[in-house]
$ cat start.cif   # mmCIF, C-alpha atoms
data_data
#
loop_
_atom_site.label_atom_id
_atom_site.label_comp_id
_atom_site.auth_asym_id
_atom_site.auth_seq_id
_atom_site.Cartn_x
_atom_site.Cartn_y
_atom_site.Cartn_z
CA ARG A 1 92.46 110.68 -6.08
CA ARG A 2 94.97 111.09 -3.28
CA SER A 3 94.28 108.92 -0.23
CA SER A 4 93.85 110.75 3.05
CA ALA A 5 96.63 108.52 4.36
CA GLY A 6 99.03 110.47 2.20
CA ILE A 7 98.59 113.45 4.49
CA ILE A 8 100.08 111.56 7.44
CA ALA A 9 103.83 111.38 7.85
CA ALA A 10 105.35 108.06 6.80
CA LYS A 11 106.49 107.36 10.32
CA MET A 12 105.45 108.68 13.67
CA GLY A 13 106.39 107.59 17.14
CA VAL A 14 106.38 103.81 17.46
CA LEU A 15 104.13 102.77 14.57
CA ARG A 16 104.69 103.25 10.85
CA VAL A 17 101.83 104.78 8.88
CA LEU A 18 101.37 103.32 5.41
CA THR A 19 99.00 103.67 2.50
CA PRO A 20 97.22 100.57 1.15
CA GLU A 21 99.64 100.61 -1.79
CA THR A 22 102.76 100.48 0.40
CA ILE A 23 101.84 97.52 2.62
CA PRO A 24 104.87 95.15 2.66
CA VAL A 25 104.64 92.25 0.23
CA GLU A 26 105.78 89.80 2.93
CA CYS A 27 102.43 90.29 4.68
CA SER A 28 100.95 87.89 2.11
CA GLU A 29 104.03 85.62 1.79
CA PRO A 30 104.10 83.07 4.63
CA VAL A 31 107.40 81.39 3.69
CA ASP A 32 110.63 83.32 4.12
CA PRO A 33 113.15 82.44 1.34
CA LYS A 34 116.16 82.34 3.67
CA ALA A 35 114.29 80.21 6.20
CA LEU A 36 113.27 77.88 3.36
CA GLU A 37 116.91 77.40 2.38
CA THR A 38 117.91 76.57 5.95
CA ALA A 39 114.92 74.26 6.50
CA THR A 40 115.66 72.37 3.29
CA ALA A 41 119.19 71.56 4.46
CA VAL A 42 117.93 70.42 7.87
CA ILE A 43 115.21 68.22 6.39
CA ASN A 44 117.65 66.60 3.95
CA SER A 45 120.00 65.90 6.84
CA ILE A 46 117.22 64.21 8.86
CA ARG A 47 116.21 62.15 5.83
CA GLU A 48 119.76 60.97 5.27
CA ARG A 49 121.02 60.49 8.84
CA GLY A 50 117.91 60.09 10.97
CA GLU A 51 118.43 60.11 14.75
CA ALA A 52 122.03 61.27 14.49
CA ALA A 53 120.99 64.41 12.60
CA LEU A 54 118.07 65.05 14.98
CA LEU A 55 120.33 64.86 18.03
CA GLU A 56 122.92 67.04 16.32
CA GLN A 57 120.36 69.78 15.70
CA ALA A 58 118.80 69.49 19.16
CA ILE A 59 122.19 69.81 20.87
CA LYS A 60 123.18 72.68 18.57
CA PHE A 61 120.13 74.70 19.65
CA GLY A 62 120.45 73.82 23.33
CA GLU A 63 117.35 71.64 23.46
CA LEU A 64 119.27 68.60 24.64
CA LYS A 65 122.62 67.75 26.15
CA GLU A 66 124.78 64.78 25.17
CA GLY A 67 123.12 61.60 26.38
CA ASP A 68 119.66 63.14 26.88
CA SER A 69 116.59 61.40 25.52
CA TYR A 70 114.81 63.33 22.80
CA THR A 71 111.42 62.10 24.03
CA ALA A 72 109.55 62.45 27.31
CA SER A 73 107.79 59.41 28.76
CA LYS A 74 104.20 59.40 29.98
CA GLU A 75 105.59 59.05 33.50
CA GLU A 76 107.54 62.30 33.02
CA LEU A 77 104.40 64.04 31.82
CA LYS A 78 102.43 62.89 34.86
CA PHE A 79 105.26 63.85 37.20
CA ALA A 80 105.23 67.37 35.74
CA PHE A 81 101.47 67.63 36.28
CA ASP A 82 101.73 66.35 39.85
CA SER A 83 104.50 68.87 40.60
CA LEU A 84 102.19 71.82 39.90
CA SER A 85 100.26 73.60 42.61
CA GLU A 86 96.58 72.83 43.00
CA ALA A 87 95.70 76.19 41.44
CA GLU A 88 97.99 75.56 38.42
CA ARG A 89 96.56 72.08 37.88
CA GLY A 90 93.09 73.56 38.08
CA VAL A 91 93.81 76.15 35.38
CA ILE A 92 95.19 73.58 32.93
CA THR A 93 92.36 71.15 33.63
CA ARG A 94 89.65 73.80 33.20
CA VAL A 95 91.11 75.10 29.95
CA ALA A 96 91.45 71.55 28.66
CA GLY A 97 87.80 70.91 29.44
CA ARG A 98 86.67 73.98 27.52
CA ILE A 99 88.79 73.03 24.52
CA ARG A 100 87.45 69.48 24.61
CA VAL A 101 83.83 70.68 24.58
CA PHE A 102 84.45 73.00 21.63
CA ALA A 103 86.42 70.37 19.72
CA GLN A 104 83.61 67.87 20.22
CA ALA A 105 81.10 70.37 18.85
CA GLN A 106 83.35 70.84 15.80
CA ARG A 107 83.62 67.09 15.31
CA ASP A 108 79.87 66.63 15.64
CA SER A 109 79.28 69.25 12.94
CA VAL A 110 81.07 67.12 10.34
CA LYS A 111 78.91 64.08 9.60
CA ASP A 112 78.77 60.96 7.51
CA PHE A 113 76.04 60.95 4.89
CA GLU A 114 74.69 58.78 2.11
CA ASN A 115 72.65 59.69 -0.96
CA ASP A 116 70.77 57.48 -3.37
CA ILE A 117 72.06 57.66 -6.91
CA PRO A 118 71.03 55.74 -10.05
CA GLY A 119 72.27 52.21 -9.57
CA GLY A 120 73.44 52.55 -5.99
CA LYS A 121 74.51 54.99 -3.29
CA ALA A 122 77.18 57.68 -2.84
CA GLY A 123 78.24 59.07 0.48
CA GLN A 124 80.84 60.48 2.80
CA LEU A 125 82.67 58.80 5.65
CA VAL A 126 84.49 61.03 8.13
CA THR A 127 87.42 59.09 9.56
CA PRO A 128 90.44 60.25 11.62
CA VAL A 129 94.03 59.86 10.52
CA ASP A 130 96.14 57.31 12.37
CA THR A 131 98.94 59.57 13.63
CA ALA A 132 99.06 63.32 14.20
CA GLY A 133 102.05 65.51 15.02
CA CYS A 134 101.16 68.59 17.07
CA TYR A 135 103.75 71.36 17.13
CA ALA A 136 103.77 73.70 20.13
CA PRO A 137 106.27 76.59 19.99
CA GLY A 138 108.78 77.14 22.77
CA GLY A 139 110.47 80.43 22.03
CA ARG A 140 110.56 83.12 24.71
CA TYR A 141 107.59 81.90 26.72
CA PRO A 142 105.97 78.55 27.51
CA LEU A 143 102.81 77.91 25.52
CA PRO A 144 100.91 75.05 27.18
CA SER A 145 97.82 76.43 25.43
CA SER A 146 99.22 75.31 22.06
CA VAL A 147 99.76 71.81 23.44
CA LEU A 148 96.16 71.67 24.65
CA MET A 149 94.54 73.20 21.57
CA THR A 150 96.26 70.89 19.09
CA ALA A 151 96.52 67.60 20.99
CA ILE A 152 93.03 67.64 22.53
CA THR A 153 91.49 68.48 19.16
CA ALA A 154 93.30 65.51 17.61
CA LYS A 155 92.19 63.20 20.40
CA VAL A 156 88.56 64.30 20.13
CA ALA A 157 88.75 63.70 16.38
CA GLY A 158 89.62 60.10 17.15
CA VAL A 159 93.30 60.09 16.13
CA LYS A 160 94.85 56.93 17.55
CA ASN A 161 98.41 58.19 18.01
CA VAL A 162 99.02 61.83 18.98
CA TRP A 163 102.54 63.21 19.35
CA VAL A 164 103.54 66.67 20.56
CA ALA A 165 106.79 68.41 19.59
CA ASN A 166 107.89 71.23 21.88
CA PRO A 167 111.43 72.65 22.26
CA LYS A 168 112.82 73.02 25.78
CA PRO A 169 109.52 72.04 27.42
CA ASP A 170 108.86 73.34 30.91
CA LYS A 171 106.66 71.68 33.51
CA PHE A 172 103.56 73.45 32.21
CA ALA A 173 103.95 72.15 28.64
CA LEU A 174 104.64 68.63 29.93
CA ALA A 175 101.67 68.83 32.30
CA ALA A 176 99.42 70.05 29.48
CA ALA A 177 100.50 67.07 27.39
CA HIS A 178 99.55 64.77 30.25
CA VAL A 179 96.10 66.34 30.56
CA ALA A 180 95.62 66.14 26.78
CA GLY A 181 96.41 62.42 26.89
CA VAL A 182 99.15 62.45 24.27
CA ASP A 183 100.85 59.25 23.19
CA GLY A 184 104.33 60.69 22.74
CA PHE A 185 106.35 63.84 23.34
CA LEU A 186 109.32 65.05 21.26
CA LYS A 187 111.48 67.52 23.22
CA CYS A 188 112.68 69.33 20.10
CA GLY A 189 111.48 72.12 17.86
CA GLY A 190 112.26 73.95 14.65
CA ALA A 191 112.69 72.45 11.22
CA HIS A 192 114.32 69.32 12.67
CA ALA A 193 111.19 68.55 14.71
CA ILE A 194 108.95 68.98 11.66
CA ALA A 195 111.26 66.73 9.62
CA THR A 196 111.21 64.10 12.38
CA LEU A 197 107.41 64.08 12.57
CA ALA A 198 107.06 63.91 8.79
CA GLN A 199 109.75 61.30 8.23
CA GLY A 200 109.42 59.15 11.32
CA VAL A 201 112.73 58.92 13.18
CA GLY A 202 113.74 56.46 15.88
CA LEU A 203 111.08 56.47 18.61
CA VAL A 204 108.93 59.01 16.74
CA PRO A 205 106.43 57.56 14.25
CA GLN A 206 105.79 59.03 10.82
CA CYS A 207 102.80 61.34 11.08
CA ASP A 208 99.91 61.56 8.66
CA ILE A 209 99.39 65.24 9.47
CA ILE A 210 101.35 67.99 11.24
CA VAL A 211 99.50 70.89 12.85
CA GLY A 212 100.27 73.85 15.08
CA PRO A 213 101.93 77.26 14.94
CA GLY A 214 105.63 77.97 14.75
CA ASN A 215 108.34 80.39 13.66
CA GLN A 216 109.57 81.04 10.14
CA TRP A 217 111.73 77.89 10.09
CA VAL A 218 108.82 75.72 11.23
CA THR A 219 106.58 77.24 8.55
CA ALA A 220 109.25 76.75 5.89
CA ALA A 221 109.71 73.12 6.95
CA LYS A 222 105.97 72.49 6.80
CA SER A 223 105.91 73.89 3.27
CA ILE A 224 108.54 71.31 2.27
CA VAL A 225 107.08 68.20 3.91
CA GLN A 226 103.47 68.84 2.89
CA GLY A 227 103.91 66.52 -0.08
CA LYS A 228 104.82 63.66 2.29
CA CYS A 229 102.19 64.34 4.95
CA ALA A 230 99.27 66.71 5.37
CA ILE A 231 99.64 70.03 7.19
CA ASP A 232 97.10 72.44 8.60
CA MET A 233 98.34 75.64 6.98
CA LEU A 234 101.29 77.93 6.30
CA ALA A 235 100.61 80.60 8.86
CA GLY A 236 103.53 82.99 8.45
CA PRO A 237 104.44 85.39 11.29
CA SER A 238 101.77 85.81 13.95
CA GLU A 239 99.76 89.02 13.70
CA VAL A 240 96.79 90.87 15.06
CA LEU A 241 94.90 93.32 12.85
CA VAL A 242 92.45 95.79 14.35
CA ILE A 243 89.83 97.54 12.23
CA ALA A 244 88.73 100.70 14.06
CA ASP A 245 86.73 103.88 13.58
CA ASP A 246 86.13 107.02 15.63
CA SER A 247 84.18 105.05 18.25
CA ALA A 248 87.20 102.93 19.23
CA ASP A 249 89.21 103.30 22.43
CA ALA A 250 92.92 103.99 21.80
CA ALA A 251 94.11 102.40 25.05
CA THR A 252 92.27 99.14 24.33
CA ILE A 253 93.63 98.98 20.78
CA ALA A 254 97.18 99.60 22.00
CA ALA A 255 96.88 96.93 24.70
CA ASP A 256 95.65 94.34 22.21
CA MET A 257 98.36 95.21 19.69
CA LEU A 258 101.05 94.86 22.36
CA ALA A 259 99.56 91.60 23.64
CA GLN A 260 100.36 90.15 20.21
CA ALA A 261 103.65 92.03 19.78
CA GLU A 262 105.15 90.59 22.97
CA HIS A 263 104.77 87.07 21.52
CA ASP A 264 107.74 87.35 19.20
CA VAL A 265 110.00 89.89 17.50
CA GLU A 266 108.55 88.73 14.16
CA ALA A 267 104.92 89.31 15.23
CA ARG A 268 103.01 92.09 13.48
CA PRO A 269 100.57 94.44 15.22
CA ILE A 270 98.45 96.17 12.55
CA LEU A 271 95.77 98.86 12.73
CA ILE A 272 93.46 99.86 9.89
CA CYS A 273 91.31 102.86 10.71
CA THR A 274 89.05 105.46 9.16
CA HIS A 275 89.72 108.19 11.73
CA ALA A 276 93.06 110.06 11.50
CA PRO A 277 93.12 111.39 15.10
CA LEU A 278 92.90 107.81 16.38
CA ILE A 279 96.31 107.04 14.88
CA LYS A 280 98.12 109.58 17.06
CA ALA A 281 96.15 108.46 20.11
CA VAL A 282 96.98 104.79 19.58
CA ASP A 283 100.63 105.55 18.90
CA ALA A 284 100.85 107.52 22.14
CA GLU A 285 99.20 104.67 24.06
CA VAL A 286 101.53 102.08 22.52
CA LYS A 287 104.55 104.11 23.61
CA LYS A 288 103.09 104.59 27.10
CA GLN A 289 102.18 100.94 27.58
CA LEU A 290 105.46 99.69 26.10
CA ASP A 291 107.35 101.49 28.84
CA LEU A 292 105.28 99.66 31.46
CA LEU A 293 106.01 96.15 30.16
CA PRO A 294 108.51 93.99 32.06
CA GLN A 295 111.51 92.46 30.35
CA PRO A 296 111.92 90.59 28.09
CA ASN A 297 108.37 91.46 26.98
CA CYS A 298 109.23 95.12 26.46
CA ASP A 299 112.15 94.57 24.08
CA THR A 300 110.28 91.83 22.22
CA ALA A 301 107.20 93.99 21.73
CA ARG A 302 109.26 97.03 20.73
CA ALA A 303 111.01 95.03 18.02
CA ALA A 304 107.69 93.60 16.80
CA CYS A 305 106.17 97.08 16.59
CA LYS A 306 108.82 97.92 14.01
CA LYS A 307 107.31 95.16 11.86
CA GLY A 308 103.78 96.45 12.44
CA PHE A 309 102.04 99.42 10.88
CA VAL A 310 98.93 101.55 10.62
CA VAL A 311 96.85 102.12 7.48
CA LEU A 312 94.50 105.10 7.25
CA VAL A 313 91.63 104.51 4.82
CA ASP A 314 88.76 106.64 3.56
CA SER A 315 85.91 104.22 4.26
CA MET A 316 84.98 101.05 6.08
CA GLU A 317 84.62 99.31 2.72
CA GLU A 318 88.27 100.11 1.97
CA ALA A 319 89.28 98.92 5.45
CA ILE A 320 87.62 95.56 4.80
CA LYS A 321 89.28 95.28 1.39
CA VAL A 322 92.74 95.99 2.83
CA CYS A 323 92.13 93.55 5.68
CA ASP A 324 91.11 90.77 3.31
CA SER A 325 94.26 91.33 1.26
CA ILE A 326 96.39 90.81 4.39
CA ALA A 327 94.31 87.86 5.72
CA PRO A 328 95.45 88.22 9.35
CA GLU A 329 95.71 85.39 11.84
CA HIS A 330 93.72 87.37 14.41
CA LEU A 331 91.20 90.03 13.38
CA GLU A 332 89.59 92.41 15.88
CA ILE A 333 86.68 94.70 15.01
CA MET A 334 86.35 97.85 17.13
CA THR A 335 83.79 99.91 15.26
CA LYS A 336 80.19 101.01 15.36
CA ASP A 337 78.10 98.11 14.04
CA ALA A 338 81.03 95.78 14.74
CA MET A 339 79.08 92.61 13.98
CA GLU A 340 78.04 93.94 10.57
CA VAL A 341 81.64 94.89 9.74
CA GLY A 342 82.96 91.54 10.94
CA MET A 343 80.51 89.60 8.80
CA LYS A 344 81.73 91.44 5.71
CA CYS A 345 85.34 90.32 6.29
CA ASN A 346 86.24 87.04 4.60
CA HIS A 347 89.93 86.29 5.08
CA TYR A 348 91.22 85.73 8.61
CA GLY A 349 92.05 83.01 11.13
CA GLY A 350 90.07 84.09 14.19
CA LEU A 351 87.50 86.89 14.41
CA PHE A 352 86.99 88.92 17.61
CA ILE A 353 84.02 91.28 17.47
CA GLY A 354 83.67 94.29 19.72
CA ARG A 355 85.83 96.07 22.27
CA ASP A 356 85.39 93.37 24.91
CA ALA A 357 86.36 90.47 22.61
CA ALA A 358 90.11 90.77 23.16
CA GLU A 359 92.14 88.23 21.20
CA GLY A 360 94.34 87.67 24.24
CA LEU A 361 91.39 86.12 26.08
#
$ encode --input "start.cif" --output "structure tokens"
Amino acid sequence: RRSSAGIIAAKMGVLRVLTPETIPVECSEPVDPKALETATAVINSIRERGEAALLEQAIKFGELKEGDSYTASKEELKFAFDSLSEAERGVITRVAGRIRVFAQAQRDSVKDFENDIPGGKAGQLVTPVDTAGCYAPGGRYPLPSSVLMTAITAKVAGVKNVWVANPKPDKFALAAAHVAGVDGFLKCGGAHAIATLAQGVGLVPQCDIIVGPGNQWVTAAKSIVQGKCAIDMLAGPSEVLVIADDSADAATIAADMLAQAEHDVEARPILICTHAPLIKAVDAEVKKQLDLLPQPNCDTARAACKKGFVVLVDSMEEAIKVCDSIAPEHLEIMTKDAMEVGMKCNHYGGLFIGRDAAEGL
């Protein structure tokens, strides 16, 4: 049977239209082969030459200048926080508080237990690791949220020594690290930062686990070091996937897709829908809203849209199946009976149910 998606042109406007059979293979492959090759060379260099190799990489990528320290002191972190306006300090502090409450609820949900067994007892002890490395991307925009979400979670878990790695940190990232109460701050990123956290180099201790998002070189590096230390996951490029039907609002879908697309040129905005007219409406809205974005957001989002796509399916069951095969980082449900549809999806990072549950919030 020919899918209804076959009726739609292969490309229209800004977004590609694909069938379930033509979804790119890389959507399910988190590690890029070329990035893996580069990351391997960097990690081997750090292993062999330690601080010298770290500084060489950091200077090469403009993270440091000759003579700069590759770490930030706690005094520098506090100075950054104190330099913010009262309103800016308030935002970071409020967000940190919300994250801390949620992280504590997560920690409280995982408990020790003990069962009687013949001849004795068997049980579970939940204990924190000693040292955690929290990676926060730098890239085109500062992401103090990544500092807060990783470092605070580690602190609430009871980790004794929490380090953050962040390339070219601005005052907001440094201030967020202060509020999170980190023990150390590495002012570098990329594969060389992951190698440093995993290996332990100079002032930076060897970490028991490395967590946090990053680009393709960070992901590749994490895939290499995971035999030496634990990692959270291999996330691959960031993406948002929206499942929609004829009840969905095209402007809202377009706004949420672009909110993810402006993160990075490698991000993927994806739409799976059961209603063909919605595709044209969303594409028109994406084009309209793209033209309203400031720079560099506009160019970044436009490039990311070339990586994204739309899939037209014949039923909600097929939409769920296609979504599970992609396993997106962020999944939004904009359908009738959105909760029911969301509960049938199994493979995703974060689930956002209903039109008002925007992933960007």
$ residues_around --input "start.cif" --residues "Leu241 in chain A" --least-positions-apart "3" --cutoff "10 Å" --atoms "only C-alpha atoms" --output "MDAnalysis selection string"
chainID A and resid 244 253 256:257 260 268:272 308:310 323 326:333 348 351
$ atom_distance --input "start.cif" --atom1 "CA of Cys345 in chain A" --atom2 "CA of Gly236 in chain A"
19.7 Å
$ resolve_selection --input "start.cif" --expression "the PyMOL selection byres ((chain A and resi 297) around 9)" --output "PyMOL selection string"
chain A and resi 140+261-264+290+293-296+298-302
$ atom_distance --input "start.cif" --atom1 "CA of Ser146 in chain A" --atom2 "CA of Ala105 in chain A"
19.1 Å
$ residues_around --input "start.cif" --residues "Ala230 in chain A" --least-positions-apart "6" --cutoff "8 Å" --atoms "only C-alpha atoms" --output "PyMOL selection string"
chain A and resi 208-210
$ residues_around --input "start.cif" --residues "Val341 in chain A" --least-positions-apart "3" --cutoff "9 Å" --atoms "all atoms listed in the file" --output "PDB file with C-alpha atoms, in the coordinates of the input"
ATOM      1  CA  ILE A 243      89.830  97.540  12.230  1.00  0.00           C
ATOM      2  CA  MET A 316      84.980 101.050   6.080  1.00  0.00           C
ATOM      3  CA  GLU A 317      84.620  99.310   2.720  1.00  0.00           C
ATOM      4  CA  ILE A 320      87.620  95.560   4.800  1.00  0.00           C
ATOM      5  CA  ILE A 333      86.680  94.700  15.010  1.00  0.00           C
ATOM      6  CA  THR A 335      83.790  99.910  15.260  1.00  0.00           C
ATOM      7  CA  LYS A 336      80.190 101.010  15.360  1.00  0.00           C
ATOM      8  CA  ASP A 337      78.100  98.110  14.040  1.00  0.00           C
ATOM      9  CA  ALA A 338      81.030  95.780  14.740  1.00  0.00           C
ATOM     10  CA  LYS A 344      81.730  91.440   5.710  1.00  0.00           C
ATOM     11  CA  CYS A 345      85.340  90.320   6.290  1.00  0.00           C
ATOM     12  CA  ILE A 353      84.020  91.280  17.470  1.00  0.00           C
TER      13      ILE A 353
END
$ resolve_selection --input "start.cif" --expression "the PyMOL selection byres ((chain A and resi 169-176) around 8)" --output "list in words"
Glu76, Leu77, Lys78, Phe79, Ala80, Phe81, Asp82, Ser83, Leu84, Ile92, Gly138, Pro142, Leu143, Pro144, Ser145, Val147, Leu148, Asn166, Pro167, Lys168, Ala177, His178, Val179, Ala180 and Lys187 of chain A
$ write_last_selection --input "start.cif" --atoms "C-alpha atoms" --output "JSON list (two decimals), in the frame of the given file"
[["chain", "number", "residue", "atom", "x", "y", "z"],
["A", 76, "GLU", "CA", 107.54, 62.30, 33.02],
["A", 77, "LEU", "CA", 104.40, 64.04, 31.82],
["A", 78, "LYS", "CA", 102.43, 62.89, 34.86],
["A", 79, "PHE", "CA", 105.26, 63.85, 37.20],
["A", 80, "ALA", "CA", 105.23, 67.37, 35.74],
["A", 81, "PHE", "CA", 101.47, 67.63, 36.28],
["A", 82, "ASP", "CA", 101.73, 66.35, 39.85],
["A", 83, "SER", "CA", 104.50, 68.87, 40.60],
["A", 84, "LEU", "CA", 102.19, 71.82, 39.90],
["A", 92, "ILE", "CA", 95.19, 73.58, 32.93],
["A", 138, "GLY", "CA", 108.78, 77.14, 22.77],
["A", 142, "PRO", "CA", 105.97, 78.55, 27.51],
["A", 143, "LEU", "CA", 102.81, 77.91, 25.52],
["A", 144, "PRO", "CA", 100.91, 75.05, 27.18],
["A", 145, "SER", "CA", 97.82, 76.43, 25.43],
["A", 147, "VAL", "CA", 99.76, 71.81, 23.44],
["A", 148, "LEU", "CA", 96.16, 71.67, 24.65],
["A", 166, "ASN", "CA", 107.89, 71.23, 21.88],
["A", 167, "PRO", "CA", 111.43, 72.65, 22.26],
["A", 168, "LYS", "CA", 112.82, 73.02, 25.78],
["A", 177, "ALA", "CA", 100.50, 67.07, 27.39],
["A", 178, "HIS", "CA", 99.55, 64.77, 30.25],
["A", 179, "VAL", "CA", 96.10, 66.34, 30.56],
["A", 180, "ALA", "CA", 95.62, 66.14, 26.78],
["A", 187, "LYS", "CA", 111.48, 67.52, 23.22]]
$ closest_residue --input "start.cif" --among "A:Val126, A:Trp163, A:Ser238, A:His192" --to "Val225 in chain A" --atoms "all atoms listed in the file"
A:His192
$ closest_residue --input "start.cif" --among "A:Leu186, A:Ala58, A:Thr219, A:Leu15" --to "Thr38 in chain A" --atoms "all atoms listed in the file"
A:Thr219
$ atom_distance --input "start.cif" --atom1 "CA of Cys207 in chain A" --atom2 "CA of Ala154 in chain A"
12.3 Å
$ resolve_selection --input "start.cif" --expression "the PyMOL selection byres ((chain A and resi 40) around 12)" --output "PDB file with C-alpha atoms, keeping the file's coordinate frame"
ATOM      1  CA  PRO A  33     113.150  82.440   1.340  1.00  0.00           C
ATOM      2  CA  LYS A  34     116.160  82.340   3.670  1.00  0.00           C
ATOM      3  CA  ALA A  35     114.290  80.210   6.200  1.00  0.00           C
ATOM      4  CA  LEU A  36     113.270  77.880   3.360  1.00  0.00           C
ATOM      5  CA  GLU A  37     116.910  77.400   2.380  1.00  0.00           C
ATOM      6  CA  THR A  38     117.910  76.570   5.950  1.00  0.00           C
ATOM      7  CA  ALA A  39     114.920  74.260   6.500  1.00  0.00           C
ATOM      8  CA  ALA A  41     119.190  71.560   4.460  1.00  0.00           C
ATOM      9  CA  VAL A  42     117.930  70.420   7.870  1.00  0.00           C
ATOM     10  CA  ILE A  43     115.210  68.220   6.390  1.00  0.00           C
ATOM     11  CA  ASN A  44     117.650  66.600   3.950  1.00  0.00           C
ATOM     12  CA  SER A  45     120.000  65.900   6.840  1.00  0.00           C
ATOM     13  CA  ILE A  46     117.220  64.210   8.860  1.00  0.00           C
ATOM     14  CA  ARG A  47     116.210  62.150   5.830  1.00  0.00           C
ATOM     15  CA  GLY A 190     112.260  73.950  14.650  1.00  0.00           C
ATOM     16  CA  ALA A 191     112.690  72.450  11.220  1.00  0.00           C
ATOM     17  CA  HIS A 192     114.320  69.320  12.670  1.00  0.00           C
ATOM     18  CA  ILE A 194     108.950  68.980  11.660  1.00  0.00           C
ATOM     19  CA  ALA A 195     111.260  66.730   9.620  1.00  0.00           C
ATOM     20  CA  TRP A 217     111.730  77.890  10.090  1.00  0.00           C
ATOM     21  CA  VAL A 218     108.820  75.720  11.230  1.00  0.00           C
ATOM     22  CA  THR A 219     106.580  77.240   8.550  1.00  0.00           C
ATOM     23  CA  ALA A 220     109.250  76.750   5.890  1.00  0.00           C
ATOM     24  CA  ALA A 221     109.710  73.120   6.950  1.00  0.00           C
ATOM     25  CA  LYS A 222     105.970  72.490   6.800  1.00  0.00           C
ATOM     26  CA  SER A 223     105.910  73.890   3.270  1.00  0.00           C
ATOM     27  CA  ILE A 224     108.540  71.310   2.270  1.00  0.00           C
ATOM     28  CA  VAL A 225     107.080  68.200   3.910  1.00  0.00           C
TER      29      VAL A 225
END
$ residues_near_point --input "start.cif" --point "(124.8, 66.9, 16.8)" --cutoff "12 Å" --atoms "only C-alpha atoms" --output "ChimeraX atom specification"
/A:42,45-46,49-68,192
$ write_last_selection --input "start.cif" --atoms "C-alpha atoms" --output "CSV table (one decimal), keeping the file's coordinate frame"
chain,number,residue,atom,x,y,z
A,42,VAL,CA,117.9,70.4,7.9
A,45,SER,CA,120.0,65.9,6.8
A,46,ILE,CA,117.2,64.2,8.9
A,49,ARG,CA,121.0,60.5,8.8
A,50,GLY,CA,117.9,60.1,11.0
A,51,GLU,CA,118.4,60.1,14.8
A,52,ALA,CA,122.0,61.3,14.5
A,53,ALA,CA,121.0,64.4,12.6
A,54,LEU,CA,118.1,65.0,15.0
A,55,LEU,CA,120.3,64.9,18.0
A,56,GLU,CA,122.9,67.0,16.3
A,57,GLN,CA,120.4,69.8,15.7
A,58,ALA,CA,118.8,69.5,19.2
A,59,ILE,CA,122.2,69.8,20.9
A,60,LYS,CA,123.2,72.7,18.6
A,61,PHE,CA,120.1,74.7,19.6
A,62,GLY,CA,120.4,73.8,23.3
A,63,GLU,CA,117.4,71.6,23.5
A,64,LEU,CA,119.3,68.6,24.6
A,65,LYS,CA,122.6,67.8,26.2
A,66,GLU,CA,124.8,64.8,25.2
A,67,GLY,CA,123.1,61.6,26.4
A,68,ASP,CA,119.7,63.1,26.9
A,192,HIS,CA,114.3,69.3,12.7
$ closest_residue --input "start.cif" --among "A:Gly13, A:Pro137, A:Asp324, A:Val101" --to "Val286 in chain A" --atoms "all atoms listed in the file"
A:Gly13
$ closest_residue --input "start.cif" --among "A:Cys273, A:Ala357, A:Val322, A:Val164" --to "Val242 in chain A" --atoms "all atoms listed in the file"
A:Cys273
$ closest_residue --input "start.cif" --among "A:Asp356, A:Asp183, A:Asp108, A:Asp232" --to "Lys74 in chain A" --atoms "all atoms listed in the file"
A:Asp183
